[in-house]
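Chemist: Just one file: upload-v2.cif, with mmCIF, C-alpha atoms.
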data_protein
loop_
_atom_site.label_atom_id
_atom_site.label_comp_id
_atom_site.auth_asym_id
_atom_site.auth_seq_id
_atom_site.Cartn_x
_atom_site.Cartn_y
_atom_site.Cartn_z
CA MET T 10 -17.94 -10.37 -30.90
CA LYS T 11 -19.20 -7.92 -33.52
CA ILE T 12 -20.16 -4.28 -33.01
CA ASP T 13 -22.29 -2.09 -35.27
CA ILE T 14 -20.57 0.74 -37.10
CA TYR T 15 -22.24 4.15 -37.52
CA ASN T 16 -21.45 6.94 -39.95
CA LYS T 17 -21.07 10.66 -39.15
CA GLN T 18 -24.76 11.17 -39.97
CA GLY T 19 -25.68 8.92 -37.03
CA LYS T 20 -26.98 6.16 -39.29
CA LYS T 21 -26.14 2.52 -38.69
CA THR T 22 -24.15 1.10 -41.61
CA SER T 23 -24.30 -2.46 -42.94
CA LYS T 24 -20.76 -3.12 -41.70
CA LYS T 25 -19.65 -4.49 -38.34
CA VAL T 26 -16.27 -4.56 -36.61
CA THR T 27 -15.03 -7.81 -35.09
CA LEU T 28 -13.50 -7.45 -31.63
CA ASN T 29 -11.65 -9.86 -29.39
CA ASP T 30 -13.87 -11.39 -26.70
CA ASP T 31 -10.87 -11.47 -24.35
CA VAL T 32 -10.76 -7.66 -24.51
CA PHE T 33 -14.36 -6.47 -24.86
CA LYS T 34 -16.33 -9.32 -23.31
CA ILE T 35 -14.71 -10.22 -19.98
CA GLU T 36 -15.96 -10.17 -16.41
CA PRO T 37 -15.00 -6.66 -15.21
CA ASN T 38 -12.49 -6.59 -12.36
CA ASP T 39 -13.39 -3.57 -10.22
CA HIS T 40 -10.33 -3.87 -7.99
CA CYS T 41 -7.93 -3.71 -10.94
CA ILE T 42 -9.77 -0.63 -12.18
CA TYR T 43 -9.37 0.94 -8.73
CA LEU T 44 -5.64 0.20 -8.59
CA ALA T 45 -5.00 1.51 -12.11
CA VAL T 46 -6.97 4.74 -11.61
CA GLN T 47 -5.36 5.33 -8.22
CA SER T 48 -1.92 4.98 -9.81
CA GLU T 49 -2.77 7.30 -12.70
CA MET T 50 -4.23 10.00 -10.46
CA ALA T 51 -1.27 9.80 -8.07
CA ALA T 52 1.13 10.26 -10.99
CA LEU T 53 -0.56 13.59 -11.79
CA ARG T 54 0.35 15.08 -8.40
CA GLN T 55 3.35 17.41 -8.48
CA GLY T 56 4.54 16.77 -4.94
CA THR T 57 6.41 20.09 -4.85
CA HIS T 58 4.80 21.37 -1.62
CA SER T 59 7.30 22.43 1.02
CA SER T 60 7.36 24.21 4.38
CA LYS T 61 10.34 25.41 6.42
CA THR T 62 11.56 23.52 9.45
CA ARG T 63 13.01 25.37 12.46
CA SER T 64 16.48 25.02 10.98
CA GLU T 65 15.38 26.78 7.77
CA VAL T 66 13.49 29.72 9.26
CA ARG T 67 15.50 32.94 9.26
CA GLY T 68 16.59 34.45 12.59
CA GLY T 69 16.22 33.06 16.09
CA GLY T 70 19.91 32.57 16.73
CA ALA T 71 19.95 34.57 19.98
CA LYS T 72 17.93 33.70 23.06
CA PRO T 73 14.90 36.09 23.02
CA TYR T 74 15.12 36.93 26.75
CA LYS T 75 16.81 35.66 29.87
CA GLN T 76 16.04 32.25 31.29
CA LYS T 77 14.73 33.31 34.69
CA GLY T 78 13.06 36.17 36.44
CA THR T 79 10.54 37.22 33.77
CA GLY T 80 7.62 35.11 34.91
CA ARG T 81 7.24 33.80 31.39
CA ALA T 82 8.01 30.40 29.94
CA ARG T 83 11.65 29.80 29.07
CA VAL T 84 12.40 30.13 25.35
CA GLY T 85 15.59 29.25 23.58
CA SER T 86 14.70 30.39 20.04
CA THR T 87 12.03 32.30 18.14
CA ARG T 88 12.20 29.55 15.52
CA ASN T 89 10.46 27.16 17.91
CA PRO T 90 7.44 25.51 16.13
CA ALA T 91 5.24 26.51 19.09
CA ARG T 92 5.77 30.23 18.41
CA VAL T 93 4.30 32.52 15.77
CA ALA T 94 6.55 32.66 12.66
CA GLY T 95 8.44 29.61 13.90
CA GLY T 96 9.27 26.60 11.78
CA SER T 97 6.86 23.75 11.04
CA ALA T 98 7.28 20.64 13.17
CA PHE T 99 5.92 18.09 10.71
CA GLY T 100 5.14 20.19 7.63
CA PRO T 101 5.04 18.91 4.05
CA LYS T 102 8.22 18.31 2.08
CA PRO T 103 8.73 17.49 -1.62
CA ARG T 104 7.92 13.86 -2.35
CA LYS T 105 6.78 11.51 -5.10
CA TYR T 106 3.25 10.17 -5.01
CA SER T 107 3.67 7.63 -7.81
CA LYS T 108 2.42 4.11 -7.16
CA SER T 109 3.63 1.20 -9.23
CA VAL T 110 1.09 -1.20 -10.73
CA ASN T 111 1.89 -4.34 -12.69
CA ARG T 112 1.49 -4.11 -16.46
CA LYS T 113 -1.00 -7.00 -16.51
CA VAL T 114 -3.14 -5.24 -13.89
CA LYS T 115 -3.22 -2.06 -15.99
CA GLN T 116 -4.14 -4.07 -19.07
CA LEU T 117 -6.91 -5.95 -17.24
CA ALA T 118 -8.25 -2.64 -15.91
CA ARG T 119 -8.63 -1.21 -19.42
CA LYS T 120 -10.26 -4.41 -20.66
CA SER T 121 -12.67 -4.29 -17.71
CA VAL T 122 -13.74 -0.71 -18.46
CA LEU T 123 -14.25 -1.49 -22.16
CA SER T 124 -16.35 -4.53 -21.26
CA GLN T 125 -18.44 -2.37 -18.90
CA LYS T 126 -19.05 0.18 -21.64
CA ILE T 127 -20.17 -2.58 -24.01
CA LEU T 128 -22.57 -3.99 -21.41
CA SER T 129 -24.07 -0.56 -20.68
CA LYS T 130 -24.28 0.24 -24.42
CA ASP T 131 -22.17 3.36 -23.95
CA LEU T 132 -19.59 2.50 -26.62
CA ILE T 133 -20.10 3.79 -30.15
CA VAL T 134 -18.01 3.02 -33.23
CA VAL T 135 -18.00 5.52 -36.11
CA ASP T 136 -16.52 4.66 -39.51
CA ASN T 137 -14.37 7.82 -39.52
CA PHE T 138 -14.10 11.32 -38.07
CA ASP T 139 -12.61 13.05 -41.08
CA LEU T 140 -13.63 16.71 -41.24
CA GLU T 141 -13.15 19.11 -44.13
CA SER T 142 -12.67 22.15 -41.88
CA ASN T 143 -11.60 23.00 -38.35
CA LYS T 144 -14.87 24.71 -37.46
CA THR T 145 -16.49 23.83 -34.16
CA LYS T 146 -19.96 23.68 -35.71
CA ASP T 147 -18.86 20.87 -38.04
CA PHE T 148 -17.76 18.76 -35.08
CA MET T 149 -20.94 19.65 -33.20
CA ASN T 150 -22.98 18.40 -36.14
CA VAL T 151 -21.37 14.97 -35.78
CA LEU T 152 -22.11 14.90 -32.04
CA THR T 153 -25.69 15.96 -32.71
CA ASN T 154 -26.14 13.18 -35.26
CA LEU T 155 -24.80 10.65 -32.76
CA ASP T 156 -27.16 12.05 -30.05
CA VAL T 157 -24.36 12.68 -27.54
CA VAL T 158 -24.58 16.48 -27.22
CA GLY T 159 -24.53 17.61 -23.58
CA LYS T 160 -22.91 14.41 -22.39
CA LYS T 161 -19.36 13.78 -21.25
CA ASN T 162 -17.66 12.14 -24.22
CA SER T 163 -14.27 10.55 -24.74
CA ILE T 164 -13.49 10.29 -28.44
CA MET T 165 -10.60 7.98 -29.30
CA LEU T 166 -9.20 7.99 -32.78
CA GLY T 167 -6.52 6.04 -34.56
CA ASP T 168 -5.03 9.32 -35.77
CA VAL T 169 -6.09 12.78 -34.54
CA SER T 170 -6.02 15.20 -37.45
CA ASP T 171 -5.55 18.95 -37.04
CA ASN T 172 -9.12 19.64 -38.15
CA VAL T 173 -10.54 17.30 -35.52
CA HIS T 174 -8.24 18.69 -32.82
CA PHE T 175 -9.05 22.35 -33.46
CA SER T 176 -12.78 21.84 -34.03
CA SER T 177 -13.26 19.89 -30.79
CA ARG T 178 -11.10 21.76 -28.28
CA ASN T 179 -13.76 24.34 -27.36
CA ILE T 180 -16.55 21.83 -26.76
CA LYS T 181 -17.25 21.41 -23.06
CA GLY T 182 -17.21 17.85 -21.78
CA THR T 183 -15.67 16.37 -24.93
CA ILE T 184 -12.06 15.24 -25.18
CA VAL T 185 -10.31 13.79 -28.21
CA PHE T 186 -7.07 11.81 -28.16
CA SER T 187 -5.28 8.84 -29.66
CA ALA T 188 -6.79 5.44 -28.81
CA LEU T 189 -3.36 3.91 -28.21
CA SER T 190 -2.57 6.45 -25.48
CA ALA T 191 -5.85 5.93 -23.62
CA SER T 192 -5.48 5.26 -19.91
CA THR T 193 -7.97 3.48 -17.65
CA TYR T 194 -9.15 6.83 -16.30
CA ASP T 195 -9.67 8.20 -19.82
CA LEU T 196 -11.87 5.22 -20.69
CA LEU T 197 -13.79 5.37 -17.42
CA ASP T 198 -14.34 9.11 -17.00
CA CYS T 199 -17.05 9.59 -19.61
CA GLN T 200 -20.70 8.87 -20.29
CA LYS T 201 -20.14 7.90 -23.91
CA LEU T 202 -17.00 6.28 -25.31
CA ILE T 203 -16.70 6.93 -29.04
CA PHE T 204 -14.16 5.30 -31.36
CA ASP T 205 -13.48 5.59 -35.03
CA LEU T 206 -12.92 2.30 -36.85
CA ASP T 207 -9.16 2.74 -37.00
CA GLY T 208 -8.94 3.61 -33.29
CA ILE T 209 -10.90 0.62 -31.98
CA GLU T 210 -9.00 -1.79 -34.22
CA LYS T 211 -5.66 -0.45 -32.96
CA LEU T 212 -6.75 -0.67 -29.32
CA ASN T 213 -8.17 -4.14 -29.89
CA SER T 214 -4.84 -5.25 -31.34
CA GLN T 215 -2.85 -3.61 -28.53
CA LEU T 216 -4.85 -5.20 -25.72
CA SER T 217 -4.97 -8.59 -27.43
CA GLU T 218 -1.22 -8.94 -27.05
CA LYS T 219 -0.14 -11.23 -24.24
#
Before anything else, please render the file you have as structure tokens.
Modeler:
Amino acid sequence: MKIDIYNKQGKKTSKKVTLNDDVFKIEPNDHCIYLAVQSEMAALRQGTHSSKTRSEVRGGGAKPYKQKGTGRARVGSTRNPARVAGGSAFGPKPRKYSKSVNRKVKQLARKSVLSQKILSKDLIVVDNFDLESNKTKDFMNVLTNLDVVGKKNSIMLGDVSDNVHFSSRNIKGTIVFSALSASTYDLLDCQKLIFDLDGIEKLNSQLSEK
């Protein structure tokens, strides 16, 4: 399939980029997308939460009061989970939340999201994102020309230059990163998916590999 290429002025050029139908024109698999995103989000969790058990709480070595004759319930330790300042019975402990997903499932998930973006016409290809300065207003001018200001944009480039990085980092709702490092969540979590020519060709080549 062929996709139109735009320039930084928002004008459609006479050139088109040829993409692999097995990557950008497949039947989207929603379940693979779910599995891939679930795995990626789980990997972001630190899992460092921890609470003290009754063996870790300080004190409570001596019996608080005698067994009988007080009229109160018998107590062997102040570290009992039933008492104030006692240990936790089933509190959280450090753990890993990572979930493994097959490589082919991850690859199919990314292909499915790209195909969805093509179908919904939310994928834009720009010839290049080269900027002469690192000023935010220069990057905003490009977004204005492409009519994507105020939307959540993921911009994926073949190579992220310093000027592009510094000029885009203060723009709310817009994230810029390398196309080859794009995850399923990065592709999915946006209203407009914008590539430069180099970025979409690299991703097309990467996902075309068996």
Chemist: Find the residue from T:Ser124, T:Thr87, T:Ser48, T:Ser97 that sits nearest to Val110 (chain T); use all atoms listed in the file when measuring.
Modeler: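 Comparing T:Ser124, T:Thr87, T:Ser48, T:Ser97 against Val110 (chain T), the winner is T:Ser48.
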Chemist: I need the output of the PyMOL selection byres ((chain T and resi 162) around 7) for this file as a ChimeraX atom specification; which residues are they?
Modeler: /T:160-161,163-164,182-184,199-202
Chemist: Would you please work out which residue, of T:Val66, T:Ala191, T:Ile180, T:Ala71, is nearest to Pro90 (chain T) when using only C-alpha atoms?
Modeler: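 Counting only C-alpha atoms, the residue closest to Pro90 (chain T) is T:Val66.
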Chemist: With a distance cut-off of 7 Å and all atoms listed in the file, select the neighbouring residues of region 50-56 of chain T, excluding the residue or stretch itself and same-chain residues fewer than 6 positions from it, and output the selection as a PyMOL selection string.
Modeler: chain T and resi 103-108
Chemist: I'd like the interatomic distance between CA of Glu141 (chain T) and CA of Asn172 (chain T), to a tenth of an Å.
Modeler: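 Going from CA of Glu141 (chain T) over to CA of Asn172 (chain T), I get 7.2 Å.
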